[in-house]
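Just coords33.cif here, mmCIF, C-alpha atoms and all ligand atoms:
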```
data_my_file
loop_
_atom_site.label_atom_id
_atom_site.label_comp_id
_atom_site.auth_asym_id
_atom_site.auth_seq_id
_atom_site.Cartn_x
_atom_site.Cartn_y
_atom_site.Cartn_z
CA MET A 275 1.81 -10.67 -15.46
CA GLY A 276 0.27 -13.96 -14.54
CA LEU A 277 0.62 -14.30 -10.82
CA SER A 278 -0.44 -17.66 -9.49
CA GLN A 279 -3.34 -17.78 -7.08
CA LYS A 280 -0.91 -18.39 -4.23
CA GLU A 281 1.37 -15.49 -5.20
CA ASN A 282 -1.66 -13.29 -5.53
CA GLU A 283 -2.76 -14.21 -2.00
CA LEU A 284 0.72 -13.63 -0.59
CA ILE A 285 0.97 -10.15 -2.09
CA LYS A 286 -2.54 -9.29 -0.96
CA LYS A 287 -1.75 -10.42 2.56
CA ALA A 288 1.45 -8.37 2.62
CA LEU A 289 -0.43 -5.28 1.42
CA ILE A 290 -3.18 -5.67 4.01
CA GLU A 291 -0.61 -6.18 6.75
CA GLN A 292 1.17 -3.03 5.71
CA LYS A 293 -2.10 -1.13 5.65
CA THR A 294 -3.09 -2.45 9.09
CA GLY A 295 0.29 -1.36 10.41
CA LEU A 296 -0.20 2.15 9.10
CA LEU A 297 -3.68 2.41 10.55
CA LYS A 298 -2.39 1.16 13.87
CA GLU A 299 0.23 3.88 13.83
CA ALA A 300 -2.55 6.39 13.30
CA ASN A 301 -4.53 4.79 16.07
CA LYS A 302 -1.78 5.54 18.57
CA THR A 303 -2.63 9.18 18.16
CA VAL A 304 -6.32 8.46 18.23
CA SER A 305 -5.98 6.38 21.38
CA SER A 306 -4.38 9.14 23.37
CA ASP A 307 -6.98 11.62 22.13
CA LEU A 308 -10.18 9.65 22.24
CA GLY A 309 -9.44 6.49 24.17
CA VAL A 310 -10.04 4.14 21.26
CA VAL A 311 -9.06 0.61 22.20
CA GLU A 312 -7.20 -1.92 20.08
CA GLU A 313 -10.25 -4.16 19.56
CA GLU A 314 -12.26 -1.31 18.18
CA LEU A 315 -9.58 -0.61 15.64
CA ALA A 316 -9.48 -4.24 14.54
CA ASP A 317 -13.25 -4.08 14.18
CA THR A 318 -12.94 -0.91 12.15
CA ILE A 319 -10.48 -2.47 9.75
CA ASP A 320 -12.66 -5.55 9.39
CA ARG A 321 -15.67 -3.53 8.44
CA SER A 322 -13.62 -1.14 6.33
CA SER A 323 -15.76 1.74 7.47
CA VAL A 324 -14.84 4.42 4.99
CA GLU A 325 -15.79 7.25 7.31
CA THR A 326 -13.72 6.01 10.24
CA GLU A 327 -10.87 5.11 7.96
CA ARG A 328 -10.82 8.64 6.64
CA ASN A 329 -10.61 9.95 10.20
CA PHE A 330 -7.65 7.70 10.84
CA THR A 331 -6.11 8.76 7.58
CA LEU A 332 -6.31 12.43 8.57
CA ARG A 333 -4.00 11.68 11.45
CA LEU A 334 -1.35 10.12 9.29
CA ARG A 335 1.62 12.09 8.14
CA ASP A 336 1.75 13.05 4.50
CA ARG A 337 4.22 10.34 3.61
CA GLU A 338 2.11 7.66 5.30
CA ARG A 339 -1.04 8.91 3.64
CA LYS A 340 0.64 8.57 0.25
CA LEU A 341 1.78 5.06 1.10
CA LEU A 342 -1.73 4.14 2.21
CA LYS A 343 -3.06 5.36 -1.12
CA LYS A 344 -0.45 3.30 -2.95
CA ILE A 345 -1.47 0.25 -0.96
CA ASP A 346 -5.12 0.77 -1.86
CA GLU A 347 -4.21 1.22 -5.50
CA ALA A 348 -2.11 -1.94 -5.44
CA LEU A 349 -5.04 -3.82 -3.91
CA ASP A 350 -7.27 -2.47 -6.68
CA ARG A 351 -4.83 -3.63 -9.32
CA LEU A 352 -4.74 -7.06 -7.69
CA GLU A 353 -8.53 -7.23 -7.85
CA ASN A 354 -8.57 -6.14 -11.48
CA GLY A 355 -5.79 -8.49 -12.52
CA GLU A 356 -3.64 -5.53 -13.57
CA PHE A 357 -1.12 -6.05 -10.82
CA GLY A 358 2.57 -6.46 -11.57
CA ASP A 359 2.98 -4.55 -14.83
CA CYS A 360 5.30 -1.56 -14.99
CA GLN A 361 3.26 1.61 -15.53
CA GLU A 362 6.06 3.10 -17.56
CA CYS A 363 7.11 0.41 -20.03
CA GLY A 364 4.42 -2.24 -19.51
CA GLU A 365 6.96 -4.95 -18.75
CA SER A 366 6.50 -7.28 -15.81
CA ILE A 367 7.85 -5.76 -12.59
CA GLY A 368 9.00 -9.16 -11.37
CA LEU A 369 7.83 -11.22 -8.46
CA LYS A 370 11.00 -10.79 -6.43
CA ARG A 371 10.69 -7.02 -6.52
CA LEU A 372 6.96 -7.15 -5.84
CA LYS A 373 7.45 -9.34 -2.81
CA ALA A 374 9.96 -6.87 -1.40
CA ARG A 375 7.84 -3.91 -2.35
CA PRO A 376 4.23 -4.79 -3.24
CA VAL A 377 3.27 -1.16 -3.90
CA ALA A 378 5.87 -0.81 -6.67
CA THR A 379 4.40 0.48 -9.93
CA LEU A 380 7.63 0.62 -11.91
CA CYS A 381 10.06 -2.11 -12.90
CA ILE A 382 13.57 -1.76 -11.55
CA ASN A 383 14.89 -0.26 -14.81
CA CYS A 384 12.24 2.44 -14.98
CA LYS A 385 12.58 3.10 -11.25
CA GLU A 386 16.31 3.64 -11.59
CA ALA A 387 15.79 5.88 -14.59
CA GLN A 388 13.24 7.90 -12.61
CA GLU A 389 15.56 8.26 -9.65
CA GLN A 390 18.37 9.36 -11.89
CA LYS A 391 16.13 11.98 -13.43
CA GLU A 392 15.02 13.17 -10.00
CA SER A 393 18.56 13.48 -8.68
CA GLN A 394 19.47 15.37 -11.82
CA PHE A 395 16.65 17.90 -11.76
CA GLY A 396 15.24 17.74 -8.27
ZN ZN B 401 9.47 -0.40 -16.74
#
```

Written form, structure tokens:
Amino acid sequence: MGLSQKENELIKKALIEQKTGLLKEANKTVSSDLGVVEEELADTIDRSSVETERNFTLRLRDRERKLLKKIDEALDRLENGEFGDCQECGESIGLKRLKARPVATLCINCKEAQEQKESQFG
């Protein structure tokens, strides 16, 4: 959707912050179990050790795991230049919405339609 370099960086930063926050949450559990210290976690995130990250991920609740996956997917889309398009109608999701919710994959119209459908049938 033609994000500027600066917008791209902002979104990426927001996503990484959100991801770090989630992993830190997971680390709270890890800390009490294994005595992992804060610095080690920071190191882990820096190196993006897949194995360690998976261990952290196992400790996350289902909802958080799903969010983490969404964050990773959003980061992928940023890398591929596919970020910001609605996966339903292909329209631009809109920068304002993306800033509020960087993991959004649907534009507001499609999101509302989806929610309506869910409240109707779910
Ligand atoms: Zn849409």

Could you list, as a ChimeraX atom specification, all the residues within 7 Å of ligand ZN 401 (chain B), counting all atoms listed in the file?
/A:360-365,367,380-384

Test item: residues at most 10 Å from region 342-348 of chain A, all atoms listed in the file, excluding those fewer than 5 positions along its chain, as a list of chain:residue names
A:Ile285, A:Lys286, A:Ala288, A:Leu289, A:Ile290, A:Gln292, A:Lys293, A:Thr294, A:Leu296, A:Leu297, A:Thr331, A:Leu334, A:Asp336, A:Arg337, A:Glu353, A:Asn354, A:Glu356, A:Phe357, A:Gly358, A:Pro376, A:Val377, A:Ala378, A:Thr379

From CA of Lys340 (chain A) to CA of Arg371 (chain A) the spacing works out at 19.7 Å

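Closest to Glu283 (chain A) among A:Leu372, A:Leu352, A:Leu341, A:Ala387 is A:Leu352, based on all atoms listed in the file.
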
Calculate how many Å separate CA of Glu386 (chain A) from CA of Ser366 (chain A), rounding to one decimal.
15.3 Å

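Relative to CA of Lys298 (chain A), CA of Lys385 (chain A) is found at 29.3 Å.
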
Please provide the set of residues having any atom within 10 Å of Glu281 (chain A), restricted to all atoms listed in the file, with same-chain residues fewer than 5 positions apart removed, written as a ChimeraX atom specification.
/A:276,286-287,369,373
